[in-house]
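J.: Okay, so here is data_5.cif, and as you'll see once you scroll down, it has mmCIF, C-alpha atoms.
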```cif
data_final
loop_
_atom_site.label_atom_id
_atom_site.label_comp_id
_atom_site.auth_asym_id
_atom_site.auth_seq_id
_atom_site.Cartn_x
_atom_site.Cartn_y
_atom_site.Cartn_z
CA MET A 551 -43.54 -29.43 -41.97
CA ARG A 552 -43.39 -31.31 -38.68
CA GLU A 553 -46.49 -33.41 -37.96
CA THR A 554 -47.10 -34.22 -34.29
CA ARG A 555 -49.66 -35.95 -32.10
CA ASN A 556 -50.32 -35.89 -28.38
CA ILE A 557 -49.95 -39.27 -26.73
CA THR A 558 -50.29 -40.64 -23.23
CA VAL A 559 -48.22 -43.64 -22.21
CA THR A 560 -47.30 -45.22 -18.92
CA ILE A 561 -43.67 -46.29 -18.85
CA ASN A 562 -42.28 -48.09 -15.82
CA GLY A 563 -45.24 -46.89 -13.78
CA THR A 564 -44.89 -43.22 -14.72
CA ARG A 565 -47.54 -41.59 -16.88
CA TYR A 566 -46.28 -39.37 -19.69
CA GLU A 567 -48.41 -36.97 -21.71
CA GLU A 568 -46.24 -35.81 -24.58
CA GLU A 569 -46.38 -34.28 -28.01
CA VAL A 570 -44.43 -36.51 -30.37
CA GLU A 571 -43.53 -36.37 -34.03
CA VAL A 572 -45.52 -39.02 -35.90
CA ARG A 573 -42.35 -40.32 -37.56
CA PHE A 574 -40.64 -41.15 -34.22
CA THR A 575 -40.26 -44.78 -33.34
CA LEU A 576 -41.15 -45.78 -29.81
CA ALA A 577 -37.45 -46.43 -29.16
CA ASP A 578 -36.45 -42.96 -30.37
CA PHE A 579 -39.25 -41.34 -28.38
CA MET A 580 -38.22 -43.09 -25.16
CA ARG A 581 -34.50 -42.44 -25.66
CA GLN A 582 -34.51 -38.92 -27.12
CA GLN A 583 -37.63 -37.31 -25.75
CA LEU A 584 -37.96 -39.01 -22.37
CA GLY A 585 -34.29 -39.71 -21.65
CA LEU A 586 -34.93 -43.40 -21.02
CA THR A 587 -31.78 -44.68 -22.69
CA GLY A 588 -31.75 -48.20 -21.26
CA THR A 589 -33.52 -49.58 -24.31
CA HIS A 590 -30.83 -50.00 -26.93
CA LEU A 591 -31.01 -49.67 -30.68
CA GLY A 592 -29.04 -52.21 -32.66
CA CYS A 593 -30.16 -53.17 -36.12
CA GLU A 594 -33.26 -50.92 -36.25
CA HIS A 595 -34.96 -53.66 -38.29
CA GLY A 596 -36.40 -55.75 -35.43
CA VAL A 597 -33.89 -58.54 -35.90
CA CYS A 598 -31.41 -58.18 -33.01
CA GLY A 599 -33.81 -57.79 -30.06
CA ALA A 600 -31.80 -55.05 -28.31
CA CYS A 601 -34.82 -52.74 -28.33
CA THR A 602 -37.27 -55.25 -26.84
CA ILE A 603 -39.67 -53.81 -24.30
CA LEU A 604 -42.86 -55.15 -22.73
CA LEU A 605 -45.98 -53.53 -24.14
CA ASP A 606 -48.98 -54.39 -22.00
CA GLY A 607 -46.94 -57.31 -20.69
CA ARG A 608 -45.92 -58.72 -24.07
CA SER A 609 -42.58 -58.34 -25.77
CA ALA A 610 -42.39 -55.89 -28.65
CA ARG A 611 -39.60 -54.42 -30.74
CA SER A 612 -39.64 -50.71 -29.97
CA CYS A 613 -37.66 -49.92 -33.13
CA LEU A 614 -40.54 -51.25 -35.26
CA MET A 615 -43.33 -49.36 -33.50
CA LEU A 616 -44.16 -45.74 -33.90
CA ALA A 617 -44.53 -43.85 -30.64
CA VAL A 618 -48.09 -42.88 -31.60
CA GLN A 619 -48.97 -46.59 -31.70
CA ALA A 620 -48.13 -46.82 -27.99
CA ASN A 621 -50.77 -44.22 -27.09
CA GLY A 622 -52.82 -45.48 -24.15
CA HIS A 623 -50.55 -48.46 -23.47
CA GLU A 624 -48.35 -49.54 -20.59
CA ILE A 625 -44.66 -50.14 -21.25
CA LEU A 626 -41.94 -51.76 -19.18
CA THR A 627 -38.31 -51.07 -20.08
CA VAL A 628 -35.12 -52.29 -18.47
CA GLU A 629 -35.18 -49.21 -16.20
CA GLY A 630 -38.40 -50.46 -14.62
CA ILE A 631 -37.44 -54.07 -13.88
CA ALA A 632 -35.83 -53.65 -10.45
CA PRO A 633 -38.37 -53.43 -7.61
CA SER A 634 -36.47 -50.50 -6.02
CA PRO A 635 -33.30 -48.47 -6.57
CA ASP A 636 -31.42 -50.57 -4.00
CA LYS A 637 -32.71 -54.05 -4.93
CA LEU A 638 -32.34 -55.95 -8.19
CA HIS A 639 -35.02 -58.19 -9.66
CA PRO A 640 -34.07 -61.89 -9.25
CA LEU A 641 -33.39 -62.10 -12.99
CA GLN A 642 -31.03 -59.12 -12.84
CA GLN A 643 -29.34 -60.56 -9.75
CA ALA A 644 -28.84 -63.91 -11.48
CA PHE A 645 -27.40 -62.18 -14.57
CA HIS A 646 -24.97 -60.36 -12.30
CA GLU A 647 -23.93 -63.43 -10.35
CA HIS A 648 -23.60 -65.73 -13.37
CA HIS A 649 -21.94 -63.16 -15.65
CA GLY A 650 -24.88 -63.24 -18.04
CA LEU A 651 -23.67 -60.07 -19.70
CA GLN A 652 -20.39 -58.77 -20.96
CA CYS A 653 -20.65 -55.60 -23.02
CA GLY A 654 -24.28 -55.19 -21.93
CA PHE A 655 -25.64 -54.08 -25.29
CA CYS A 656 -28.07 -56.98 -25.67
CA THR A 657 -28.90 -57.10 -21.96
CA PRO A 658 -31.99 -54.81 -21.88
CA GLY A 659 -33.68 -56.83 -24.62
CA MET A 660 -32.62 -60.13 -23.07
CA LEU A 661 -33.99 -59.15 -19.67
CA THR A 662 -37.36 -57.94 -20.96
CA THR A 663 -37.70 -60.99 -23.20
CA LEU A 664 -36.88 -63.29 -20.30
CA LEU A 665 -39.25 -61.54 -17.89
CA GLU A 666 -42.15 -62.38 -20.15
CA PHE A 667 -40.80 -65.89 -20.72
CA LEU A 668 -40.38 -66.67 -17.02
CA ARG A 669 -43.81 -65.29 -16.24
CA ASP A 670 -45.31 -67.67 -18.80
CA ASN A 671 -42.94 -70.58 -18.11
CA PRO A 672 -41.81 -70.54 -14.47
CA ASP A 673 -40.00 -73.92 -14.63
CA PRO A 674 -38.15 -73.95 -17.95
CA THR A 675 -35.59 -76.38 -19.28
CA GLU A 676 -32.30 -75.24 -20.78
CA HIS A 677 -33.77 -75.94 -24.22
CA ASP A 678 -36.81 -73.78 -23.41
CA VAL A 679 -34.56 -70.86 -22.44
CA ARG A 680 -32.49 -71.21 -25.61
CA ILE A 681 -35.66 -71.10 -27.71
CA ALA A 682 -36.95 -68.08 -25.76
CA ILE A 683 -33.82 -66.03 -26.41
CA SER A 684 -33.32 -67.18 -29.99
CA GLY A 685 -34.67 -63.85 -31.23
CA ASN A 686 -32.08 -61.85 -29.28
CA LEU A 687 -28.57 -61.58 -30.68
CA CYS A 688 -25.54 -61.49 -28.41
CA ARG A 689 -21.98 -61.34 -29.69
CA CYS A 690 -20.15 -61.62 -26.36
CA THR A 691 -21.41 -64.40 -24.15
CA GLY A 692 -22.04 -67.47 -26.25
CA TYR A 693 -25.40 -67.58 -24.41
CA GLN A 694 -24.39 -70.23 -21.84
CA ASN A 695 -24.13 -67.78 -18.95
CA ILE A 696 -27.42 -66.17 -19.98
CA VAL A 697 -29.09 -69.60 -19.95
CA THR A 698 -27.54 -70.47 -16.58
CA ALA A 699 -28.63 -67.13 -15.11
CA THR A 700 -32.17 -67.58 -16.44
CA LEU A 701 -32.50 -71.06 -14.95
CA ASP A 702 -31.23 -69.73 -11.61
CA ALA A 703 -33.65 -66.79 -11.78
CA ALA A 704 -36.53 -69.20 -12.46
CA LYS A 705 -35.58 -71.14 -9.34
CA ARG A 706 -35.39 -67.92 -7.29
CA LEU A 707 -38.75 -66.71 -8.58
CA ARG A 708 -40.39 -70.07 -7.79
CA ALA A 709 -38.94 -69.89 -4.26
CA GLU A 710 -40.26 -66.32 -3.84
CA GLY A 711 -43.69 -67.44 -5.05
CA ALA A 712 -43.71 -70.29 -2.57
CA GLN A 713 -42.84 -67.89 0.26
CA THR A 714 -45.69 -65.52 -0.58
CA GLN A 715 -48.34 -68.23 -0.68
#
```
With the file now loaded, output its structure as structure tokens.
T.:
Amino acid sequence: MRETRNITVTINGTRYEEEVEVRFTLADFMRQQLGLTGTHLGCEHGVCGACTILLDGRSARSCLMLAVQANGHEILTVEGIAPSPDKLHPLQQAFHEHHGLQCGFCTPGMLTTLLEFLRDNPDPTEHDVRIAISGNLCRCTGYQNIVTATLDAAKRLRAEGAQTQ
């Protein structure tokens, strides 16, 4: 017997009212039911960080949460980071320019993790960035380009903030 619940979530600014099986993780719900496949599933144990999303502005492992637990919450996934379809977020732009990704599997979790980090620490050191991403596993880059991209993005975001003040 299939047990379901109705939930309402806002993902990347869009409100969804859906019936979901209570056994579905948030990651499975977003990927399978909503077609938001940018959030990746790696280990499915919360270790690798590929499934990291922002839940009410704070990083969370979507493979460890049930979709019903997200009821009433606001979620940001990698699909919602760019300000528009034709303009990348400064963090995404820096990742592109500094080759902060290779296969791209870890990238959604890295980006969401780093968005929260840069919001809370707008002027990080290289050491700070390395600590921030220590919970996200990457097998391709050796992390140096990710660190370089993050430091560049921090500089860009500070410059944007100075221009808007």
J.: Might you spell out which residues the PyMOL selection byres ((chain A and resi 647) around 12) would select in the displayed file, as a list in words?
T.: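 Listing what the PyMOL selection byres ((chain A and resi 647) around 12) selects in the shown file: Leu638, Pro640, Leu641, Gln642, Gln643, Ala644, Phe645, His646, His648, His649, Gly650, Leu651, Asn695, Ile696, Thr698, Ala699, Thr700, Asp702 and Ala703 of chain A.
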J.: Could you pull out every residue with an atom within 12 Å of (-41.0, -33.2, -43.0), file coordinates, counting all atoms listed in the file, and send them as a list of chain:residue names?
T.: A:Met551, A:Arg552, A:Glu553, A:Thr554, A:Glu571, A:Val572, A:Arg573, A:Phe574
J.: How about saving the chosen residues, C-alpha atoms kept, as a compact mmCIF listing (two decimals), keeping the file's coordinate frame?
T.:
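Output file again.txt follows:
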```
# COMPACT_ATOMS: atom_id res chain seq x y z
CA MET A 551 -43.54 -29.43 -41.97
CA ARG A 552 -43.39 -31.31 -38.68
CA GLU A 553 -46.49 -33.41 -37.96
CA THR A 554 -47.10 -34.22 -34.29
CA GLU A 571 -43.53 -36.37 -34.03
CA VAL A 572 -45.52 -39.02 -35.90
CA ARG A 573 -42.35 -40.32 -37.56
CA PHE A 574 -40.64 -41.15 -34.22
```
J.: Run the PyMOL selection byres ((chain A and resi 596) around 12) against the file shown and list the residues it catches, as a list in words.
T.: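 Applied to this file, the PyMOL selection byres ((chain A and resi 596) around 12) selects Thr575, Ala577, His590, Leu591, Gly592, Cys593, Glu594, His595, Val597, Cys598, Gly599, Ala600, Cys601, Thr602, Ile603, Ser609, Ala610, Arg611, Ser612, Cys613, Leu614, Met615, Gly659, Gly685, Asn686 and Leu687 of chain A.
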J.: Do you have the CA of Leu707 in chain A-CA of Leu665 in chain A distance handy?
T.: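 Going from CA of Leu707 in chain A over to CA of Leu665 in chain A, I get 10.7 Å.
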J.: Have a look at CA of Asn562 in chain A and CA of Arg581 in chain A and let me know their distance in Å, one decimal.
T.: 13.8 Å
J.: Residues near Asn556 in chain A, anyone? I mean within 12 Å using only C-alpha atoms, not counting same-chain ones fewer than 3 positions away, as a ChimeraX atom specification.
T.: /A:553,559,566-572,617-622
J.: Go ahead and write the residues just picked, C-alpha atoms, as a tab-separated table (two decimals), in the frame of the given file.
T.:
```tsv
chain	number	residue	atom	x	y	z
A	553	GLU	CA	-46.49	-33.41	-37.96
A	559	VAL	CA	-48.22	-43.64	-22.21
A	566	TYR	CA	-46.28	-39.37	-19.69
A	567	GLU	CA	-48.41	-36.97	-21.71
A	568	GLU	CA	-46.24	-35.81	-24.58
A	569	GLU	CA	-46.38	-34.28	-28.01
A	570	VAL	CA	-44.43	-36.51	-30.37
A	571	GLU	CA	-43.53	-36.37	-34.03
A	572	VAL	CA	-45.52	-39.02	-35.90
A	617	ALA	CA	-44.53	-43.85	-30.64
A	618	VAL	CA	-48.09	-42.88	-31.60
A	619	GLN	CA	-48.97	-46.59	-31.70
A	620	ALA	CA	-48.13	-46.82	-27.99
A	621	ASN	CA	-50.77	-44.22	-27.09
A	622	GLY	CA	-52.82	-45.48	-24.15
```
J.: When distances are computed from only C-alpha atoms, which of A:Cys690, A:Val697, A:Ala704, A:Leu661 shows the smallest separation from Glu676 in chain A?
T.: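 Closest to Glu676 in chain A of all the choices is A:Val697.
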J.: As an exercise, work out the distance from CA of Gly654 in chain A to CA of His639 in chain A in Å and give it to one decimal place.
T.: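 Answer for the CA of Gly654 in chain A to CA of His639 in chain A separation: 16.6 Å.
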J.: Which is closest to Leu664 in chain A among A:Leu604, A:Leu616, A:Thr558, A:Asp636, if we use only C-alpha atoms?
T.: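 Of all the options, A:Leu604 lies closest to Leu664 in chain A.
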J.: Check the smallest atom-to-atom distance from each of A:Arg708, A:Thr589, A:Gln583, A:Gln694 to Asn671 in chain A using only C-alpha atoms, then report the winner.
T.: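 Once distances to Asn671 in chain A are computed over only C-alpha atoms, the minimum belongs to A:Arg708.
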J.: Which of these, A:Leu668, A:Cys653, A:Leu586, A:Ala632, has the shortest distance to Arg608 in chain A once you count all atoms listed in the file?
T.: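 Answer, going by the shortest atom-to-atom distance: A:Leu668.
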J.: Counting all atoms listed in the file, note down every residue that has an atom within 8 Å of the point (-50.9, -50.3, -18.9) (file coordinates), as a list in words.
T.: Val559, Thr560, Leu605, Asp606, Gly622, His623, Glu624 and Ile625 of chain A
J.: Quick one: which residues end up in the PyMOL selection byres ((chain A and resi 677) around 12) for this structure, as a list of chain:residue names?
T.: A:Asp673, A:Pro674, A:Thr675, A:Glu676, A:Asp678, A:Val679, A:Arg680, A:Ile681, A:Ala682, A:Ile683, A:Ser684, A:Tyr693, A:Gln694, A:Val697, A:Thr698, A:Thr700, A:Leu701
J.: Output range 551-568 of chain A with N, CA, C and O atoms present, as a compact mmCIF listing (two decimals), in the coordinates of the input.
T.:
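Wrote it out as rebuild.txt, contents follow:
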```txt
# COMPACT_ATOMS: atom_id res chain seq x y z
N MET A 551 -42.57 -29.68 -43.02
CA MET A 551 -43.54 -29.43 -41.97
C MET A 551 -43.53 -30.61 -41.01
O MET A 551 -43.59 -31.76 -41.42
N ARG A 552 -43.45 -30.33 -39.75
CA ARG A 552 -43.39 -31.31 -38.68
C ARG A 552 -44.80 -31.69 -38.23
O ARG A 552 -45.53 -30.85 -37.73
N GLU A 553 -45.17 -32.96 -38.39
CA GLU A 553 -46.49 -33.41 -37.96
C GLU A 553 -46.35 -34.10 -36.61
O GLU A 553 -45.52 -34.99 -36.42
N THR A 554 -47.18 -33.67 -35.65
CA THR A 554 -47.10 -34.22 -34.29
C THR A 554 -48.47 -34.68 -33.82
O THR A 554 -49.49 -34.29 -34.38
N ARG A 555 -48.45 -35.49 -32.78
CA ARG A 555 -49.66 -35.95 -32.10
C ARG A 555 -49.38 -35.93 -30.60
O ARG A 555 -48.25 -36.11 -30.16
N ASN A 556 -50.42 -35.76 -29.83
CA ASN A 556 -50.32 -35.89 -28.38
C ASN A 556 -50.60 -37.34 -28.01
O ASN A 556 -51.58 -37.93 -28.51
N ILE A 557 -49.73 -37.90 -27.18
CA ILE A 557 -49.95 -39.27 -26.73
C ILE A 557 -49.81 -39.32 -25.22
O ILE A 557 -49.17 -38.47 -24.60
N THR A 558 -50.41 -40.35 -24.65
CA THR A 558 -50.29 -40.64 -23.23
C THR A 558 -49.86 -42.08 -23.11
O THR A 558 -50.52 -42.98 -23.63
N VAL A 559 -48.73 -42.30 -22.44
CA VAL A 559 -48.22 -43.64 -22.21
C VAL A 559 -47.79 -43.75 -20.76
O VAL A 559 -47.42 -42.75 -20.13
N THR A 560 -47.83 -44.95 -20.25
CA THR A 560 -47.30 -45.22 -18.92
C THR A 560 -46.07 -46.09 -19.12
O THR A 560 -46.16 -47.19 -19.66
N ILE A 561 -44.93 -45.57 -18.69
CA ILE A 561 -43.67 -46.29 -18.85
C ILE A 561 -43.06 -46.48 -17.47
O ILE A 561 -42.83 -45.51 -16.75
N ASN A 562 -42.86 -47.74 -17.12
CA ASN A 562 -42.28 -48.09 -15.82
C ASN A 562 -43.06 -47.47 -14.66
O ASN A 562 -42.49 -47.02 -13.67
N GLY A 563 -44.37 -47.41 -14.83
CA GLY A 563 -45.24 -46.89 -13.78
C GLY A 563 -45.44 -45.39 -13.78
O GLY A 563 -46.24 -44.87 -13.00
N THR A 564 -44.74 -44.68 -14.64
CA THR A 564 -44.89 -43.22 -14.72
C THR A 564 -45.70 -42.87 -15.96
O THR A 564 -45.41 -43.34 -17.06
N ARG A 565 -46.68 -42.02 -15.76
CA ARG A 565 -47.54 -41.59 -16.88
C ARG A 565 -46.91 -40.38 -17.57
O ARG A 565 -46.50 -39.42 -16.91
N TYR A 566 -46.83 -40.46 -18.88
CA TYR A 566 -46.28 -39.37 -19.69
C TYR A 566 -47.35 -38.90 -20.66
O TYR A 566 -47.98 -39.71 -21.33
N GLU A 567 -47.55 -37.59 -20.70
CA GLU A 567 -48.41 -36.97 -21.71
C GLU A 567 -47.49 -36.08 -22.53
O GLU A 567 -46.98 -35.08 -22.03
N GLU A 568 -47.25 -36.47 -23.77
CA GLU A 568 -46.24 -35.81 -24.58
C GLU A 568 -46.74 -35.55 -26.00
O GLU A 568 -47.55 -36.30 -26.52
```
